[in-house]
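Asks: Below is one structure. I have some questions about it.
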Amino acid sequence: MIESIKNFSSDFFVTGDPLIYGADVSIVLVMVAIIFVLTYFKKWKWLWSEWLTTVDHKKIGIMYLIASLLMLFRGGVDAILMRTQLAFPNMDFLPSDKYNEIFTTHGTIMILFMAMPLMFALFNMVVPLQIGARDVAYPFLNAVSFWTFFFGAMLFNLSFVIGGSPDAGWLSYAPLSETQFSEGPGQNYYIWGIQISGIGSLASGINFLVTILKMRAPGMKLMKMPMFSWSVLSSCIIIIFAFPILTVTLGLLFIDRYFGANFFTLAGGGNPMYYVNLIWMWGHPEVYLVVLPAFGVFSEVVATFSKKKIFGYKSMVFALLSISLLSFFTWVHHFFTMADYKVDAFFAITTMAIAIPTGVKVFNWMFTMFRGRIQMKPPMLWTIAFIPTFLVGGATGVMLAVAPADFQYHNSYFLIAHFHQVLIGGVVFGFFSGIYYWWPKIFGFSLNEKLGLWAFWLWNIGFYVTFMPQYALGFMGMPRRVSTYGWDMGWAPLNFISTIGAFLMGAGFIFQVWQIVYSIKHRNKEGAADPWDGRTLEWSIPSPPPEYNFAIIPKVSEQDDWWYKKQKGLTKVKEDYKPIHMPKNSGIPFIMGGFWFITGFGLTFEWTWMGIIGLIGVATSIVVRHLDNDTDYYIPVDEIERTEARIGGTR
Amino acid sequence: MTTEKHTEHHSSFQSYVTGFLFSIVLTIIPLVLVLNDMLENPLLLVIILLAACFQFVIQIYYFMHLRENKNRGYIVLALIVGIIIVVTVVGGSAWVMNF
């Protein structure tokens with residue numbers, strides 16, 4: 001008996017590595033600390049009723065933000081570990097199996113559990129405010145989205161200490177991800193972590209598409225909508241069409257692994273190349289859908305800090321929508337070496353074609369700045385840093401799009417440098433810019449600019465120091481995903497420089513955390529309602545906005561309506577309040593997420609009974625919600641009057 | 001109001017059941033054909049593809065409440081984009097994997 005428990009726990013818990021024991025200890029300590037703080041300050045009820053059950057898009061946005069910053073930390077630690085291992089030749093800091101696990105989790109976490117939720121954080125924090133709505137179209141579904149994402153991400157992260165991490169690369173190519181080569185639960189963690197959070201991503205995509213199409217303030221025609229909302233719309237279109245492909249692909253992989261089917265195993269009549277084909281049909285649209293909202297942020301920031309209307313509004317809209325459609329026609333450029341030369345030619349051209357609308361956007365931003373009164377505020381700094389970074393990233397992208405040349409670059413550090421350049425330079429800088437821009441709106445106080453400046457320069461210098469040497473390393477023949485190399489390769493100096501850069505970016509992140517903590521302590525609430533002299537509707541209401549956002553739904557007549565009203569002195573609104581219809585909080589999304597977690601955990605360890613219990617729980621949550629008729633309420637007029645008087649709204 | 005809501009519920013329930021039956025039949029046909037090795041390519045392939053096409057139509061027709069919606073513009077647009085993507089995914093895969 002004791003022997004079998006011993007055997008079980010040595011399989012169940014990951015053992016034998018000091019890093020992992022460190023993680024175990026810190027996880028337990030953090031959990032004890034959280035429980036202690038919540039109990040000591042009697043905050044359990046507050047946590048449950050204000051946050052865990054909330055359906056308020058602003059609070060959900062904040063939770064997305066916190067979760068994604070935590071994941072940025074986790075993914076960043078992974079990156080630093082890898083760079084440390086590669087700093088010198090013949091390092092034995094990480095054994096090769098651990099190295100495989102770490103590059104896998106780094107990629108998966110950074111794309112799916114950092115970039116995606118950071119994007120949804122911005123969607124949630126900004127879109128309803130920007131289009132003059134009181135919430136998203138389906139507030140309950142929005143909470144479901146968050147909790148499925150959250151529990152999916154937690155499930156994935158659990159793999160580090162329980163059962164073992166996935167190690168087949170961030171896209172888990174078959175046949176490496178099949179049972180034959182990845183037997184343990186790691187690969188199942190990958191499948192279920194992503195499947196469960198994928199439900200949330202798809203639901204969010206639908207939710208925001210409907211919100212934007214149906215809930216705009218009266219008078220806001222589509223062609224008068226702020227550019228960020230346009231970018232969210234384009235991004236949601238991609239989500240809706242791309243995520244089902246991911247779900248099906250991973251579903252097939254799961255059937256292969258769980259039921260012994262042969263979709264992707266050559267021996268049983270399947271073909272692993274189908275996996276590569278399918279996963280990139282999602283994977284390529286995926287990277288465009290995370291970068292489009294960043295483009296939207298830049299459009300808002302550039303207009304606000306140049307004190308000018310965005311240049312070429314219609315061409316911006318056209319560019320966004322054409323990118324969202326074209327993104328579905330380029331997937332083969334991720335595996336040129338696998339396909340036929342005619343196929344390669346077609347996809348090389350479509351890939352290069354995407355550079356055209358992207359170029360249009362870059363020129364539009366520059367023309368917006370041209371002869372504008374530019375203010376170098378933090379969001380603008382990140383935007384300006386983005387342009388050269390993305391320019392190099394885009395140019396190397398076009399280089400990689402040339403199929404014959406790609407046969408040389410592919411799988412090398414050149415590729416690594418390229419996609420980090422567009423993902424960090426485009427997505428991360430863009431989302432940082434958006435966070436700095438909208439932070440005062442959501443939290444009601446501004447962030448310390450001096451610390452922000454430190455973070456900005458550390459991130460930027462660190463970025464170039466890390467990734468410029470990697471282009472050269474790629475040309476020198478260093479392949480990706482190698483855990484070590486010898487002195488004779490001549491890669492040592494550049495790798496060492498690259499590692500220094502990674503630590504600089506890590507320092508930048510620490511400065512950002514310091515900046516946030518410092519700013520929370522020394523709250524500067526001055527002018528938080530409209531600190532940047534903004535142009536769009538979100539700046540017309542107090543910061544942080546009341547739960548109903550707009551006491552009176554604004555009537556829109558112009559493209560940058562709030563700016564227009566400020567210029568014409570039309571900002572006063574008649575205080576003619578009516579009761580406001582609001583959704584009630586609900587614990588079901590959280591509980592349902594918990595059941596999804598149980599399902600995923602059971603299926604990860606192939607404990608079918610546990611999976612079934614989890615799924616029954618999920619189904620029960622849906623039914624309970626369906627039978628519940630008490631889902632909404634009205635805020636009476638006198639309460640609105642009191643709130644507005646307290647926060648100084650309706651100016 | 002209540003009666004209206006009731007009838008609407010009723011008719012959509014009926015439509016779901018019909019749709020479900022149709023889609024089950026369309027799933028069973030290819031499954032039986034493949035498991036029992038009843039047909040040879042290319043006829044088998046054509047039948048499977050046809051079943052998939054009908055499946056698509058049935059999902060749209062019986063489950064998506066398209067007939068109740070008054071906003072035709074969005075629906076037509078969404079369908080066109082959807083069909084373009086589906087054709088790309090299916091046709092593109094066939095083309096890419098054909099070497």
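Within each chain, counting starts at residue 1; across the structure tokens, chains are named A, B, ... in the order shown, with ligands numbered 1 upward in that order.
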Chain B: which residues are helix (DSSP H, G or I) by DSSP, as a PyMOL selection string?

Replies: chain B and resi 2-35+43-63+72-96

Asks: Would you give me, as a list in words, the residues of chain B that come within 9 Å of chain A, using only C-alpha atoms?

Replies: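 On the chain B side, the interface is Val81, Gly82, Ile85, Val86, Thr88, Val89, Gly92, Ser93, Trp95, Val96, Met97, Asn98 and Phe99 of chain B.
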
Asks: Leaving out segment 30-41 of chain B and any residue of its chain fewer than 6 positions from it, which residues lie within 10 Å of it when counting only C-alpha atoms, given as a PyMOL selection string?

Replies: chain B and resi 47-52

Asks: Leaving out Met227 of chain A and any residue of its chain fewer than 5 positions from it, which residues lie within 10 Å of it when counting only C-alpha atoms, given as a list in words?

Replies: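 In the requested format, the answer is Gln130, Val232, Leu233, Pro293, Phe295, Gly296, Val297, Phe298, Ser299, Glu300, Ala303, Ile310, Tyr313, Met316, Val317, Leu320, Thr536, Gln559 and Asp560 of chain A.
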
Asks: If we count only C-alpha atoms and set the cut-off at 8 Å, which residues sit around segment 46-56 of chain A, ignoring sequence neighbours fewer than 5 positions away in its own chain? Please answer as a ChimeraX atom specification.

Replies: /A:135,139-140,142-143,547,583-590

Asks: Please produce a file of those selected residues containing N, CA, C and O atoms, as an mmCIF file, in the first residue's frame.

Replies:
data_model
loop_
_atom_site.group_PDB
_atom_site.id
_atom_site.type_symbol
_atom_site.label_atom_id
_atom_site.label_comp_id
_atom_site.auth_asym_id
_atom_site.auth_seq_id
_atom_site.Cartn_x
_atom_site.Cartn_y
_atom_site.Cartn_z
ATOM 1 N N ASP A 135 -22.363 47.926 -21.024
ATOM 2 C CA ASP A 135 -21.609 46.688 -20.792
ATOM 3 C C ASP A 135 -21.429 46.025 -22.146
ATOM 4 O O ASP A 135 -21.817 46.578 -23.163
ATOM 5 N N PRO A 139 -22.873 39.951 -20.843
ATOM 6 C CA PRO A 139 -21.980 40.094 -19.679
ATOM 7 C C PRO A 139 -21.698 38.762 -18.989
ATOM 8 O O PRO A 139 -20.564 38.510 -18.556
ATOM 9 N N PHE A 140 -22.707 37.906 -18.897
ATOM 10 C CA PHE A 140 -22.504 36.608 -18.243
ATOM 11 C C PHE A 140 -21.487 35.776 -19.018
ATOM 12 O O PHE A 140 -20.548 35.211 -18.458
ATOM 13 N N ASN A 142 -19.235 36.853 -20.848
ATOM 14 C CA ASN A 142 -17.930 37.486 -20.681
ATOM 15 C C ASN A 142 -17.222 36.923 -19.452
ATOM 16 O O ASN A 142 -16.029 36.624 -19.490
ATOM 17 N N ALA A 143 -17.983 36.751 -18.357
ATOM 18 C CA ALA A 143 -17.400 36.164 -17.158
ATOM 19 C C ALA A 143 -17.010 34.708 -17.417
ATOM 20 O O ALA A 143 -15.950 34.251 -16.965
ATOM 21 N N GLU A 547 -20.338 51.686 -12.314
ATOM 22 C CA GLU A 547 -20.605 50.364 -12.900
ATOM 23 C C GLU A 547 -21.446 50.440 -14.172
ATOM 24 O O GLU A 547 -21.339 49.592 -15.032
ATOM 25 N N PRO A 583 -27.018 43.838 -15.554
ATOM 26 C CA PRO A 583 -26.980 42.396 -15.260
ATOM 27 C C PRO A 583 -26.568 42.163 -13.809
ATOM 28 O O PRO A 583 -25.783 42.924 -13.253
ATOM 29 N N LYS A 584 -27.104 41.096 -13.216
ATOM 30 C CA LYS A 584 -26.731 40.750 -11.842
ATOM 31 C C LYS A 584 -25.465 39.911 -11.829
ATOM 32 O O LYS A 584 -25.206 39.155 -12.758
ATOM 33 N N ASN A 585 -24.702 40.019 -10.731
ATOM 34 C CA ASN A 585 -23.523 39.164 -10.578
ATOM 35 C C ASN A 585 -23.944 37.702 -10.500
ATOM 36 O O ASN A 585 -25.058 37.392 -10.099
ATOM 37 N N SER A 586 -23.002 36.827 -10.871
ATOM 38 C CA SER A 586 -23.326 35.407 -10.825
ATOM 39 C C SER A 586 -22.077 34.593 -10.508
ATOM 40 O O SER A 586 -20.997 34.866 -11.045
ATOM 41 N N GLY A 587 -22.230 33.606 -9.630
ATOM 42 C CA GLY A 587 -21.101 32.745 -9.300
ATOM 43 C C GLY A 587 -20.918 31.603 -10.285
ATOM 44 O O GLY A 587 -19.923 30.884 -10.239
ATOM 45 N N ILE A 588 -21.905 31.445 -11.187
ATOM 46 C CA ILE A 588 -21.865 30.280 -12.080
ATOM 47 C C ILE A 588 -20.619 30.251 -12.976
ATOM 48 O O ILE A 588 -20.006 29.195 -13.124
ATOM 49 N N PRO A 589 -20.216 31.391 -13.572
ATOM 50 C CA PRO A 589 -19.022 31.300 -14.437
ATOM 51 C C PRO A 589 -17.800 30.762 -13.704
ATOM 52 O O PRO A 589 -17.060 29.931 -14.243
ATOM 53 N N PHE A 590 -17.608 31.213 -12.467
ATOM 54 C CA PHE A 590 -16.456 30.748 -11.693
ATOM 55 C C PHE A 590 -16.568 29.248 -11.413
ATOM 56 O O PHE A 590 -15.610 28.489 -11.609
#

Asks: At a cut-off of 10 Å, using only C-alpha atoms, what residues contact Ser23 of chain B? Leave out same-chain residues fewer than 5 positions from it and give the result as a PyMOL selection string.

Replies: chain B and resi 17-18+28+51-52+54-59+62

Asks: Let me see the file: selected residues, N, CA, C and O atoms, as a PDB file, in the first residue's frame.

Replies:
ATOM      1  N   VAL B  17     -34.898  19.587 -33.314  1.00  0.00           N
ATOM      2  CA  VAL B  17     -35.013  18.125 -33.401  1.00  0.00           C
ATOM      3  C   VAL B  17     -34.843  17.660 -34.844  1.00  0.00           C
ATOM      4  O   VAL B  17     -34.077  16.737 -35.136  1.00  0.00           O
ATOM      5  N   THR B  18     -35.532  18.337 -35.758  1.00  0.00           N
ATOM      6  CA  THR B  18     -35.393  17.976 -37.168  1.00  0.00           C
ATOM      7  C   THR B  18     -33.944  18.109 -37.609  1.00  0.00           C
ATOM      8  O   THR B  18     -33.386  17.217 -38.253  1.00  0.00           O
ATOM      9  N   ILE B  28     -23.948   9.456 -40.040  1.00  0.00           N
ATOM     10  CA  ILE B  28     -23.915   7.994 -40.069  1.00  0.00           C
ATOM     11  C   ILE B  28     -23.552   7.474 -41.466  1.00  0.00           C
ATOM     12  O   ILE B  28     -22.766   6.532 -41.595  1.00  0.00           O
ATOM     13  N   ALA B  51     -21.975  14.863 -48.194  1.00  0.00           N
ATOM     14  CA  ALA B  51     -22.589  14.798 -46.863  1.00  0.00           C
ATOM     15  C   ALA B  51     -22.140  15.979 -46.015  1.00  0.00           C
ATOM     16  O   ALA B  51     -22.935  16.591 -45.292  1.00  0.00           O
ATOM     17  N   ALA B  52     -20.859  16.335 -46.135  1.00  0.00           N
ATOM     18  CA  ALA B  52     -20.350  17.476 -45.369  1.00  0.00           C
ATOM     19  C   ALA B  52     -21.034  18.769 -45.795  1.00  0.00           C
ATOM     20  O   ALA B  52     -21.415  19.598 -44.968  1.00  0.00           O
ATOM     21  N   PHE B  54     -24.030  19.117 -47.170  1.00  0.00           N
ATOM     22  CA  PHE B  54     -25.410  19.121 -46.661  1.00  0.00           C
ATOM     23  C   PHE B  54     -25.413  19.410 -45.152  1.00  0.00           C
ATOM     24  O   PHE B  54     -26.279  20.118 -44.658  1.00  0.00           O
ATOM     25  N   GLN B  55     -24.462  18.829 -44.482  1.00  0.00           N
ATOM     26  CA  GLN B  55     -24.338  19.075 -43.037  1.00  0.00           C
ATOM     27  C   GLN B  55     -24.230  20.572 -42.757  1.00  0.00           C
ATOM     28  O   GLN B  55     -24.924  21.108 -41.901  1.00  0.00           O
ATOM     29  N   PHE B  56     -23.389  21.233 -43.533  1.00  0.00           N
ATOM     30  CA  PHE B  56     -23.191  22.674 -43.400  1.00  0.00           C
ATOM     31  C   PHE B  56     -24.517  23.408 -43.565  1.00  0.00           C
ATOM     32  O   PHE B  56     -24.916  24.220 -42.741  1.00  0.00           O
ATOM     33  N   VAL B  57     -25.225  23.066 -44.656  1.00  0.00           N
ATOM     34  CA  VAL B  57     -26.500  23.731 -44.938  1.00  0.00           C
ATOM     35  C   VAL B  57     -27.488  23.492 -43.791  1.00  0.00           C
ATOM     36  O   VAL B  57     -28.170  24.413 -43.333  1.00  0.00           O
ATOM     37  N   ILE B  58     -27.520  22.259 -43.300  1.00  0.00           N
ATOM     38  CA  ILE B  58     -28.491  21.932 -42.253  1.00  0.00           C
ATOM     39  C   ILE B  58     -28.169  22.658 -40.954  1.00  0.00           C
ATOM     40  O   ILE B  58     -29.061  23.195 -40.291  1.00  0.00           O
ATOM     41  N   GLN B  59     -26.905  22.721 -40.618  1.00  0.00           N
ATOM     42  CA  GLN B  59     -26.525  23.461 -39.406  1.00  0.00           C
ATOM     43  C   GLN B  59     -26.987  24.914 -39.507  1.00  0.00           C
ATOM     44  O   GLN B  59     -27.562  25.462 -38.578  1.00  0.00           O
ATOM     45  N   TYR B  62     -31.149  25.025 -39.666  1.00  0.00           N
ATOM     46  CA  TYR B  62     -31.985  24.622 -38.527  1.00  0.00           C
ATOM     47  C   TYR B  62     -31.523  25.199 -37.187  1.00  0.00           C
ATOM     48  O   TYR B  62     -32.309  25.283 -36.255  1.00  0.00           O
TER      49      TYR B  62
END

Asks: Name the residues in contact with Tyr634 of chain A at a cut-off of 10 Å, using only C-alpha atoms, excluding same-chain residues fewer than 2 positions from it; report them as a list in words.

Replies: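 That gives Lys578, Pro579, Ile580, His581, Met582, Pro583, Lys584, Asp632, Pro636 and Val637 of chain A.
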
Asks: Using Å and a single decimal, report how far atom CA of Gly107 of chain A sits from atom CA of Leu158 of chain A.

Replies: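 Computing it gives 16.0 Å between the two atoms.
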
Asks: Set out as CSV a contact list for segment 59-130 of chain A and segment 500-512 of chain A with a cut-off of 12 Å, giving each residue of segment 59-130 of chain A that qualifies its closest atom pair and distance in Å to one decimal, counting only C-alpha atoms, ordered by chain and rising residue number.

Replies:
residue,atom,partner,partner_atom,distance
A:Leu69,CA,A:Phe509,CA,9.6
A:Leu70,CA,A:Phe509,CA,11.2
A:Leu72,CA,A:Phe509,CA,9.0
A:Phe73,CA,A:Phe509,CA,8.2
A:Arg74,CA,A:Gly506,CA,11.3
A:Gly75,CA,A:Gly506,CA,10.9
A:Gly76,CA,A:Gly506,CA,7.1
A:Val77,CA,A:Gly506,CA,8.3
A:Asp78,CA,A:Ala502,CA,10.9
A:Ala79,CA,A:Ala502,CA,7.6
A:Ile80,CA,A:Ala502,CA,6.3
A:Leu81,CA,A:Ala502,CA,9.8
A:Met82,CA,A:Ala502,CA,9.7
A:Arg83,CA,A:Ala502,CA,7.0
A:Thr84,CA,A:Ala502,CA,9.1
A:Leu86,CA,A:Ile500,CA,11.0
A:Ala87,CA,A:Ile500,CA,8.5
A:Phe88,CA,A:Ile500,CA,11.7
